[in-house]
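Shown next: query-v3.cif, containing mmCIF, C-alpha atoms.
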data_target
loop_
_atom_site.label_atom_id
_atom_site.label_comp_id
_atom_site.auth_asym_id
_atom_site.auth_seq_id
_atom_site.Cartn_x
_atom_site.Cartn_y
_atom_site.Cartn_z
CA MET D 23 -134.08 -96.73 -55.83
CA HIS D 24 -132.41 -93.51 -56.87
CA ASP D 25 -131.14 -91.09 -54.24
CA SER D 26 -134.08 -88.74 -54.85
CA SER D 27 -136.46 -91.60 -54.09
CA TYR D 28 -135.20 -91.51 -50.49
CA TYR D 29 -135.21 -87.74 -50.10
CA THR D 30 -138.67 -87.10 -51.59
CA PRO D 31 -140.62 -88.79 -48.75
CA ALA D 32 -138.16 -87.36 -46.23
CA ILE D 33 -138.88 -83.83 -47.48
CA ALA D 34 -142.63 -84.52 -47.46
CA MET D 35 -142.43 -85.67 -43.84
CA ALA D 36 -140.35 -82.62 -42.92
CA ILE D 37 -143.01 -80.33 -44.38
CA ALA D 38 -145.69 -82.19 -42.44
CA CYS D 39 -143.65 -81.78 -39.25
CA VAL D 40 -143.35 -78.04 -39.77
CA LEU D 41 -147.05 -77.64 -40.50
CA LYS D 42 -148.21 -79.79 -37.60
CA GLY D 43 -145.56 -78.70 -35.11
CA PRO D 44 -147.42 -75.74 -33.53
CA ALA D 45 -150.62 -77.78 -33.06
CA VAL D 46 -148.67 -80.62 -31.47
CA LEU D 47 -146.88 -78.29 -29.07
CA ARG D 48 -150.19 -76.79 -27.97
CA ALA D 49 -151.68 -80.23 -27.29
CA TRP D 50 -148.60 -82.24 -26.36
CA ARG D 51 -150.52 -84.09 -23.63
CA ASP D 52 -152.74 -85.70 -26.26
CA PRO D 53 -151.21 -89.19 -26.73
CA LEU D 54 -152.78 -89.70 -30.15
CA LEU D 55 -151.48 -86.43 -31.55
CA ARG D 56 -148.09 -87.10 -30.00
CA SER D 57 -147.98 -90.57 -31.54
CA VAL D 58 -148.85 -89.25 -35.00
CA TYR D 59 -146.14 -86.61 -34.81
CA THR D 60 -143.55 -89.11 -33.58
CA LEU D 61 -144.39 -91.46 -36.42
CA ILE D 62 -144.04 -88.67 -38.99
CA VAL D 63 -140.66 -87.62 -37.55
CA LEU D 64 -139.26 -91.16 -37.45
CA SER D 65 -140.56 -91.95 -40.92
CA GLY D 66 -138.77 -88.95 -42.36
CA LEU D 67 -135.59 -89.75 -40.46
CA VAL D 68 -135.55 -93.35 -41.71
CA PHE D 69 -135.68 -92.27 -45.35
CA PHE D 70 -133.22 -89.43 -44.84
CA PHE D 71 -130.57 -91.53 -43.12
CA ALA D 72 -131.13 -94.52 -45.44
CA ALA D 73 -130.20 -92.45 -48.52
CA PRO D 74 -126.72 -93.43 -49.80
CA PRO D 75 -125.37 -89.84 -49.76
CA THR D 76 -126.49 -89.45 -46.14
CA ILE D 77 -124.94 -92.81 -45.26
CA SER D 78 -121.58 -91.64 -46.59
CA TRP D 79 -121.87 -88.28 -44.81
CA VAL D 80 -122.76 -89.85 -41.45
CA ASN D 81 -119.90 -92.33 -41.66
CA ARG D 82 -117.41 -89.55 -42.45
CA THR D 83 -118.77 -87.30 -39.72
CA VAL D 84 -118.67 -89.97 -37.03
CA GLY D 85 -115.45 -91.47 -38.28
CA ILE D 86 -116.70 -95.06 -37.99
CA PRO D 87 -117.25 -97.09 -41.19
CA ASN D 88 -120.86 -98.29 -41.54
CA PHE D 89 -122.02 -96.58 -38.36
CA SER D 90 -124.91 -95.29 -40.47
CA ALA D 91 -126.18 -98.87 -40.93
CA ALA D 92 -126.59 -99.35 -37.19
CA LEU D 93 -128.24 -95.93 -36.94
CA VAL D 94 -130.78 -96.78 -39.65
CA TYR D 95 -131.55 -100.12 -37.99
CA CYS D 96 -132.20 -98.34 -34.69
CA LEU D 97 -134.45 -95.83 -36.42
CA LEU D 98 -136.36 -98.66 -38.07
CA SER D 99 -136.89 -100.31 -34.69
CA ALA D 100 -138.08 -97.01 -33.20
CA PHE D 101 -140.37 -96.52 -36.20
CA SER D 102 -141.87 -99.98 -35.66
CA ALA D 103 -142.58 -99.15 -32.02
CA SER D 104 -144.14 -95.81 -32.98
CA CYS D 105 -146.53 -97.56 -35.38
CA LEU D 106 -147.70 -99.83 -32.59
CA LEU D 107 -148.13 -96.89 -30.20
CA LEU D 108 -150.12 -94.94 -32.77
CA LEU D 109 -152.53 -97.81 -33.32
CA LEU D 110 -152.93 -98.33 -29.56
CA ASN D 111 -153.73 -94.66 -28.96
CA TRP D 112 -155.93 -94.43 -32.05
CA ARG D 113 -158.03 -97.41 -31.00
CA GLY D 114 -158.61 -95.98 -27.54
CA GLY D 115 -160.09 -98.10 -24.78
CA PRO D 116 -159.22 -98.07 -21.07
CA PRO D 117 -156.35 -95.55 -20.65
CA GLU D 118 -154.44 -97.61 -18.11
CA GLU D 119 -154.58 -100.71 -20.29
CA ALA D 120 -153.35 -98.73 -23.29
CA ARG D 121 -150.51 -97.25 -21.23
CA ARG D 122 -149.41 -100.69 -20.01
CA ALA D 123 -149.37 -102.06 -23.55
CA ALA D 124 -147.46 -98.99 -24.76
CA ARG D 125 -144.87 -99.36 -22.01
CA ARG D 126 -144.33 -103.02 -22.91
CA TRP D 127 -143.77 -102.24 -26.58
CA VAL D 128 -141.47 -99.30 -25.82
CA ALA D 129 -139.42 -101.38 -23.39
CA GLY D 130 -139.13 -104.25 -25.86
CA TYR D 131 -137.94 -102.10 -28.72
CA ALA D 132 -135.62 -100.12 -26.46
CA VAL D 133 -133.89 -103.43 -25.71
CA VAL D 134 -133.70 -104.12 -29.45
CA ILE D 135 -132.09 -100.73 -30.09
CA VAL D 136 -129.53 -101.19 -27.31
CA ALA D 137 -128.74 -104.72 -28.53
CA THR D 138 -128.34 -103.45 -32.10
CA MET D 139 -125.72 -100.92 -31.08
CA ALA D 140 -123.95 -103.47 -28.84
CA LEU D 141 -123.72 -106.02 -31.65
CA PHE D 142 -122.38 -103.37 -34.01
CA VAL D 143 -119.67 -102.45 -31.52
CA LEU D 144 -118.74 -106.12 -31.07
CA GLY D 145 -118.68 -106.78 -34.81
CA HIS D 146 -116.12 -105.78 -37.41
CA ALA D 147 -117.31 -104.01 -40.57
CA PRO D 148 -114.35 -101.97 -41.86
CA GLU D 149 -115.43 -101.46 -45.48
CA GLU D 150 -118.22 -98.97 -46.09
CA ARG D 151 -121.20 -100.39 -47.97
CA GLN D 152 -123.89 -97.90 -48.90
CA ARG D 153 -126.38 -100.19 -50.65
CA ASP D 154 -125.52 -103.83 -49.90
CA PHE D 155 -124.45 -103.80 -46.24
CA ASP D 156 -126.86 -106.60 -45.28
CA THR D 157 -125.62 -109.08 -47.86
CA TYR D 158 -121.96 -108.04 -47.83
CA TYR D 159 -121.67 -108.69 -44.07
CA ALA D 160 -124.17 -111.56 -43.97
CA ASP D 161 -121.49 -113.96 -42.65
CA THR D 162 -119.69 -111.57 -40.30
CA PRO D 163 -119.99 -112.49 -36.59
CA TYR D 164 -122.11 -110.10 -34.52
CA ILE D 165 -122.93 -108.00 -37.60
CA ARG D 166 -124.89 -110.99 -38.87
CA GLU D 167 -126.81 -111.17 -35.59
CA MET D 168 -127.42 -107.41 -35.68
CA ILE D 169 -128.96 -107.69 -39.15
CA LEU D 170 -131.15 -110.62 -38.15
CA LEU D 171 -132.22 -108.82 -34.97
CA TYR D 172 -133.51 -105.75 -36.74
CA LEU D 173 -135.28 -107.85 -39.38
CA ALA D 174 -136.93 -109.96 -36.66
CA ALA D 175 -137.98 -106.86 -34.71
CA LEU D 176 -139.42 -105.34 -37.87
CA ALA D 177 -141.31 -108.54 -38.72
CA VAL D 178 -142.74 -108.85 -35.20
CA ALA D 179 -144.02 -105.27 -35.27
CA ASN D 180 -145.57 -105.76 -38.70
CA VAL D 181 -147.29 -108.99 -37.74
CA ALA D 182 -148.60 -107.36 -34.56
CA MET D 183 -149.90 -104.40 -36.55
CA ILE D 184 -151.65 -106.67 -39.05
CA VAL D 185 -153.30 -108.67 -36.27
CA MET D 186 -154.40 -105.52 -34.41
CA CYS D 187 -155.74 -103.90 -37.58
CA TRP D 188 -157.62 -107.04 -38.59
CA ARG D 189 -159.22 -107.51 -35.16
CA TRP D 190 -160.25 -103.88 -34.98
CA ALA D 191 -161.53 -103.87 -38.57
CA ARG D 192 -163.90 -106.73 -37.70
CA GLN D 193 -165.51 -104.52 -35.03
CA VAL D 194 -166.05 -101.35 -37.06
CA ARG D 195 -167.57 -100.28 -40.37
CA GLY D 196 -167.25 -97.52 -42.92
CA TRP D 197 -164.13 -95.52 -43.67
CA LEU D 198 -162.40 -96.62 -40.48
CA ARG D 199 -162.66 -100.25 -41.53
CA ALA D 200 -161.35 -99.39 -45.01
CA GLY D 201 -158.42 -97.47 -43.50
CA LEU D 202 -157.51 -100.32 -41.17
CA LEU D 203 -157.52 -102.84 -44.01
CA ILE D 204 -155.32 -100.55 -46.12
CA ILE D 205 -152.91 -100.21 -43.19
CA ALA D 206 -152.83 -104.00 -42.86
CA VAL D 207 -151.91 -104.28 -46.55
CA GLY D 208 -149.15 -101.72 -45.99
CA PHE D 209 -147.62 -103.69 -43.16
CA LEU D 210 -147.97 -106.90 -45.14
CA THR D 211 -145.91 -105.17 -47.83
CA ASN D 212 -143.40 -104.27 -45.14
CA ILE D 213 -143.12 -107.95 -44.27
CA THR D 214 -142.18 -108.65 -47.89
CA PHE D 215 -139.39 -106.08 -47.41
CA ALA D 216 -138.00 -108.13 -44.53
CA ALA D 217 -138.55 -111.35 -46.50
CA ALA D 218 -136.62 -110.00 -49.49
CA LYS D 219 -133.74 -108.99 -47.22
CA LEU D 220 -133.71 -112.34 -45.46
CA THR D 221 -133.88 -114.28 -48.74
CA ALA D 222 -130.82 -112.43 -50.05
CA ILE D 223 -128.96 -113.10 -46.80
CA VAL D 224 -129.79 -116.83 -46.84
CA ALA D 225 -128.65 -116.98 -50.46
CA ARG D 226 -125.30 -115.53 -49.36
CA TRP D 227 -125.03 -118.15 -46.65
CA ASN D 228 -125.47 -120.85 -49.29
CA GLY D 229 -123.02 -119.34 -51.76
CA GLY D 230 -125.65 -117.76 -54.01
CA ASP D 231 -126.09 -114.17 -55.15
CA LEU D 232 -129.53 -112.63 -54.82
CA ASP D 233 -128.21 -109.28 -53.63
CA PHE D 234 -130.62 -107.39 -55.89
CA LEU D 235 -133.45 -108.47 -53.58
CA SER D 236 -131.82 -106.58 -50.73
CA SER D 237 -130.29 -103.61 -52.51
CA ASP D 238 -132.97 -102.92 -55.18
CA LEU D 239 -136.28 -104.64 -54.42
CA ALA D 240 -136.40 -104.24 -50.63
CA PRO D 241 -136.04 -100.41 -50.61
CA ALA D 242 -138.81 -100.13 -53.22
CA LEU D 243 -141.06 -102.35 -51.09
CA ALA D 244 -140.31 -100.23 -48.02
CA ALA D 245 -141.28 -97.05 -49.87
CA ALA D 246 -144.48 -98.66 -51.17
CA ALA D 247 -145.35 -99.93 -47.68
CA GLU D 248 -144.96 -96.48 -46.17
CA LEU D 249 -147.11 -94.92 -48.88
CA ILE D 250 -149.85 -97.52 -48.39
CA CYS D 251 -149.80 -97.09 -44.61
CA ALA D 252 -149.93 -93.30 -44.94
CA ILE D 253 -152.99 -93.64 -47.17
CA GLY D 254 -154.55 -96.02 -44.66
CA PHE D 255 -154.05 -93.58 -41.78
CA CYS D 256 -155.33 -90.64 -43.83
CA VAL D 257 -158.41 -92.28 -45.39
CA PRO D 258 -160.61 -92.40 -42.23
CA MET D 259 -159.73 -88.87 -41.14
CA ALA D 260 -159.97 -87.27 -44.59
CA CYS D 261 -163.14 -89.10 -45.61
CA GLN D 262 -164.75 -88.40 -42.23
CA ARG D 263 -164.00 -84.70 -42.70
CA VAL D 264 -165.40 -84.74 -46.25
CA GLY D 265 -168.45 -86.62 -44.99
CA ASP D 266 -169.00 -84.08 -42.21
CA VAL D 267 -168.78 -81.17 -44.65
CA TRP D 268 -171.11 -82.91 -47.08
CA SER D 269 -173.61 -83.60 -44.29
CA THR D 270 -173.46 -79.97 -43.14
CA TRP D 271 -174.11 -78.64 -46.65
CA ALA D 272 -176.93 -81.18 -47.04
CA THR D 273 -178.48 -79.79 -43.85
CA TYR D 274 -178.08 -76.27 -45.25
CA ARG D 275 -179.87 -77.24 -48.47
CA ARG D 276 -182.65 -79.12 -46.68
CA LEU D 277 -183.35 -76.06 -44.52
CA GLY D 278 -183.88 -74.02 -47.70
CA PRO D 279 -187.67 -74.46 -48.13
CA LEU D 280 -188.44 -73.44 -44.55
CA TRP D 281 -185.97 -70.55 -44.69
CA ARG D 282 -187.50 -69.21 -47.90
CA GLU D 283 -191.05 -69.58 -46.56
CA LEU D 284 -190.21 -67.54 -43.47
CA GLN D 285 -188.39 -64.70 -45.25
CA PRO D 286 -191.55 -62.53 -45.43
CA ALA D 287 -192.12 -63.14 -41.71
CA ASP D 288 -188.65 -61.92 -40.75
CA ALA D 289 -189.17 -58.22 -40.12
CA HIS D 290 -185.44 -57.62 -39.68
CA GLY D 291 -184.22 -59.75 -42.59
CA ASP D 292 -183.17 -56.78 -44.72
CA HIS D 293 -181.06 -55.33 -41.91
CA ALA D 294 -179.53 -58.56 -40.55
CA VAL D 295 -175.79 -59.05 -40.70
CA ARG D 296 -175.04 -61.47 -43.51
CA ILE D 297 -172.00 -63.71 -43.63
CA ALA D 298 -169.85 -64.12 -46.72
CA TRP D 299 -170.73 -66.87 -49.21
CA TRP D 300 -167.30 -68.40 -48.68
CA ALA D 301 -167.81 -68.81 -44.92
CA PRO D 302 -167.52 -72.37 -43.50
CA ALA D 303 -170.50 -74.65 -43.93
CA GLU D 304 -171.12 -74.80 -40.18
CA LEU D 305 -171.41 -71.02 -40.02
CA GLN D 306 -173.75 -70.97 -43.03
CA VAL D 307 -176.04 -73.49 -41.31
CA THR D 308 -175.96 -71.49 -38.09
CA GLN D 309 -176.93 -68.33 -39.98
CA ARG D 310 -179.80 -70.09 -41.73
CA GLU D 311 -181.08 -71.61 -38.48
CA SER D 312 -180.90 -68.18 -36.83
CA ASP D 313 -182.94 -66.66 -39.67
CA ILE D 314 -185.53 -69.42 -39.30
CA HIS D 315 -185.83 -68.90 -35.55
CA ASP D 316 -186.24 -65.15 -36.09
CA GLY D 317 -188.96 -65.84 -38.64
CA LEU D 318 -190.75 -68.22 -36.29
CA LEU D 319 -190.57 -65.68 -33.48
CA ASN D 320 -192.11 -62.95 -35.64
CA LEU D 321 -194.78 -65.37 -36.83
CA TYR D 322 -195.70 -66.59 -33.35
CA PRO D 323 -198.80 -64.39 -32.86
CA TYR D 324 -200.41 -66.22 -35.80
CA PHE D 325 -199.70 -69.76 -34.58
CA ASP D 326 -202.81 -71.87 -34.08
CA PRO D 327 -202.40 -74.88 -31.75
CA GLU D 328 -205.63 -76.36 -33.08
CA VAL D 329 -204.23 -76.40 -36.62
CA ARG D 330 -201.17 -78.15 -35.29
CA ALA D 331 -203.21 -80.73 -33.36
CA ARG D 332 -205.39 -81.56 -36.38
CA ALA D 333 -202.35 -81.82 -38.63
CA HIS D 334 -200.61 -84.09 -36.14
CA ASP D 335 -203.61 -86.41 -36.00
CA ALA D 336 -203.82 -86.46 -39.81
CA ALA D 337 -200.10 -87.27 -40.12
CA VAL D 338 -200.36 -90.11 -37.61
CA ALA D 339 -203.42 -91.47 -39.40
CA ALA D 340 -201.43 -91.38 -42.67
CA GLY D 341 -198.76 -93.60 -41.11
CA SER D 342 -196.09 -91.06 -40.07
CA GLY D 343 -193.89 -91.90 -37.08
CA PRO D 344 -193.82 -89.73 -33.93
CA ASP D 345 -190.94 -87.47 -35.01
CA ARG D 346 -192.15 -87.08 -38.56
CA ALA D 347 -195.73 -86.43 -37.43
CA ARG D 348 -194.53 -83.71 -35.08
CA ALA D 349 -192.45 -82.08 -37.84
CA GLU D 350 -195.44 -82.19 -40.22
CA ALA D 351 -197.69 -80.67 -37.56
CA ASP D 352 -195.22 -77.83 -36.91
CA ALA D 353 -194.85 -77.21 -40.64
CA ALA D 354 -198.62 -77.15 -41.07
CA MET D 355 -198.97 -74.63 -38.24
CA VAL D 356 -196.28 -72.43 -39.85
CA THR D 357 -198.06 -72.65 -43.22
CA ALA D 358 -201.39 -71.64 -41.66
CA ALA D 359 -199.70 -68.80 -39.76
CA LEU D 360 -198.16 -67.49 -42.98
CA GLY D 361 -201.61 -67.46 -44.56
CA ALA D 362 -203.07 -65.67 -41.54
CA ARG D 363 -200.31 -63.08 -41.66
CA ALA D 364 -200.90 -62.48 -45.36
CA ALA D 365 -204.55 -61.79 -44.54
CA ASP D 366 -203.56 -59.30 -41.83
CA PRO D 367 -201.48 -56.63 -43.65
CA GLU D 368 -202.20 -54.02 -40.95
CA GLY D 369 -200.84 -56.23 -38.16
CA ARG D 370 -203.95 -56.13 -35.99
CA ILE D 371 -203.27 -59.59 -34.58
CA ILE D 372 -199.71 -58.63 -33.62
CA CYS D 373 -201.04 -55.60 -31.74
CA ALA D 374 -203.53 -57.82 -29.90
CA ALA D 375 -200.79 -60.31 -29.07
CA THR D 376 -198.60 -57.53 -27.70
CA ALA D 377 -201.40 -56.42 -25.42
CA ASP D 378 -201.90 -60.00 -24.24
CA SER D 379 -198.59 -60.78 -22.53
CA SER D 380 -199.86 -63.59 -20.29
CA PRO D 381 -197.55 -66.55 -19.59
CA SER D 382 -199.81 -68.81 -21.66
CA ALA D 383 -198.56 -67.03 -24.78
CA ALA D 384 -195.15 -68.71 -24.52
CA PRO D 385 -194.26 -71.23 -27.18
CA ALA D 386 -194.83 -74.86 -26.19
CA GLY D 387 -193.79 -78.27 -27.44
CA GLY D 388 -190.03 -78.05 -26.94
CA PRO D 389 -187.41 -77.53 -29.65
CA ARG D 390 -188.61 -78.08 -33.19
CA ASP D 391 -187.00 -80.25 -35.86
CA LEU D 392 -186.21 -77.53 -38.39
CA VAL D 393 -184.94 -79.94 -41.04
CA GLY D 394 -188.00 -82.16 -40.62
CA MET D 395 -190.28 -79.12 -40.89
CA SER D 396 -188.50 -77.95 -44.03
CA VAL D 397 -188.82 -81.37 -45.68
CA ALA D 398 -192.49 -81.55 -44.69
CA LEU D 399 -193.18 -78.20 -46.34
CA ARG D 400 -192.24 -79.72 -49.69
CA ARG D 401 -193.42 -83.32 -49.38
CA SER D 402 -196.18 -83.71 -46.81
CA PRO D 403 -199.76 -84.05 -48.13
CA VAL D 404 -200.97 -82.86 -44.73
CA VAL D 405 -199.07 -79.59 -45.11
CA ALA D 406 -200.28 -79.23 -48.70
CA THR D 407 -203.89 -79.49 -47.49
CA VAL D 408 -203.33 -76.84 -44.82
CA ARG D 409 -201.62 -74.58 -47.37
CA GLU D 410 -204.63 -74.77 -49.68
CA ARG D 411 -206.98 -73.97 -46.80
CA ALA D 412 -204.77 -71.06 -45.67
CA ALA D 413 -204.73 -69.64 -49.20
CA SER D 414 -208.51 -69.75 -49.30
CA GLU D 415 -208.80 -68.00 -45.94
CA ALA D 416 -206.24 -65.37 -47.00
CA ALA D 417 -208.34 -64.65 -50.09
CA THR D 418 -211.34 -63.87 -47.87
CA GLY D 419 -209.23 -61.43 -45.83
CA SER D 420 -210.50 -62.69 -42.47
CA PRO D 421 -207.58 -63.81 -40.30
CA GLU D 422 -208.39 -65.32 -36.92
CA ARG D 423 -206.27 -64.84 -33.78
CA VAL D 424 -206.02 -68.28 -32.21
CA ALA D 425 -202.64 -68.37 -30.47
#

Output the file's structure in the form of structure tokens.
Amino acid sequence: MHDSSYYTPAIAMAIACVLKGPAVLRAWRDPLLRSVYTLIVLSGLVFFFAAPPTISWVNRTVGIPNFSAALVYCLLSAFSASCLLLLLNWRGGPPEEARRAARRWVAGYAVVIVATMALFVLGHAPEERQRDFDTYYADTPYIREMILLYLAALAVANVAMIVMCWRWARQVRGWLRAGLLIIAVGFLTNITFAAAKLTAIVARWNGGDLDFLSSDLAPALAAAAELICAIGFCVPMACQRVGDVWSTWATYRRLGPLWRELQPADAHGDHAVRIAWWAPAELQVTQRESDIHDGLLNLYPYFDPEVRARAHDAAVAAGSGPDRARAEADAAMVTAALGARAADPEGRIICAATADSSPSAAPAGGPRDLVGMSVALRRSPVVATVRERAASEAATGSPERVA
């Protein structure tokens, strides 16, 4: 890997930290958000301090040859622990159980980090090695154990992550399952990183030279593993968000027929406050639902419960389920009311309804399924029959007050 190959992901993680920082500070008590942020920070630090120029700078600054190697190994161990914590918090479950598991992993990797630094202090690595530290000091007492310790800790974390992802993926479906399987592939790739390092070290022990596995192949595998894992973590969240937006716009479109039908019944439609076309989908749906409710309220004096009852019976007889039959009945009543209103241009029924303010005039039947009503307006044969009858009655000009 070239030097820029290390700094590019580090810069990307730094940008993510800056963008997410304010949100994390506002909700620091959220363990999931805290875990995500910690993982991003440690991921960026690993790539930054693993870059050869940074290795040289750290060693010069500290004044200890190869101190940067021990630092990177500690960061890798902390990164492994943060991955496990993120998955634990993401999966959820009983909070106390998750906290106990998190404490065990943190304690275990804290011991690994302390042992890594202790072995480095006990060892002797006087010559700076920016790219081949693992193989160059593969036979050096204590340094050898330090290298094997960090590789073992990394492998244990990756195996644990794969097992946890696989078990969870068997219990879920959809984008979450896909994300978990992608994450598992990422950590499997990370195991190949450790395997490449270990193979090069064993070759050194036996007098061979497979250093390219450690100095060239392993860093590329580590970068690929991080990219795959990042995709795996992002896929469920991003696709869920896209799915939510798509569902909201689908609801907006499905409300269209009912909204357009009720426009003539909305006496205040021309003076209502309209939102911009670029407003969020949720706000657009809210506006459309509000317009529909206003239209229904203005149309209420023309509602005929008998029309609704007959339409409900006809829908049930045609094989509609309870919810669909109710939506068809409501849509049929709205269609008949629109016809009655068209036949009453002078508003005589509204005046009569205003004079009759008895409690029995209140709407009944609970909240209506607006989407179901809108779909029924276009597709229900029951509603089509009522519409034809309402058009005939409107042509005679004899509306009947039945609500």

### Summary
Computed gap from atom CA of Gly254 of chain D to atom CA of Arg122 of chain D is 25.6 Å

### Task
Could you state which residues are captured by the PyMOL selection byres ((chain D and resi 214) around 12) in this file, as a PyMOL selection string?
chain D and resi 173+176-177+180-181+207-213+215-221+235-236+239-247

### Message
Applying the PyMOL selection byres ((chain D and resi 150) around 12) to the file I just gave you, which residues come out? Please list them as number ranges by chain.
### Response
D: 74, 77-82, 85-91, 146-149, 151-156, 158-159

### Message
With all atoms listed in the file as the counted atoms, please give the residues lying no more than 8 Å from Leu321 of chain D, apart from itself and same-chain residues fewer than 6 positions off, as a PyMOL selection string.
### Response
chain D and resi 287+356+359-360+363

### Task
Compare D:Glu304, D:Met183, D:Val63, D:Trp190 by their minimum atom-to-atom distance to Gly114 of chain D, counting all atoms listed in the file, and give me the closest one.
D:Trp190
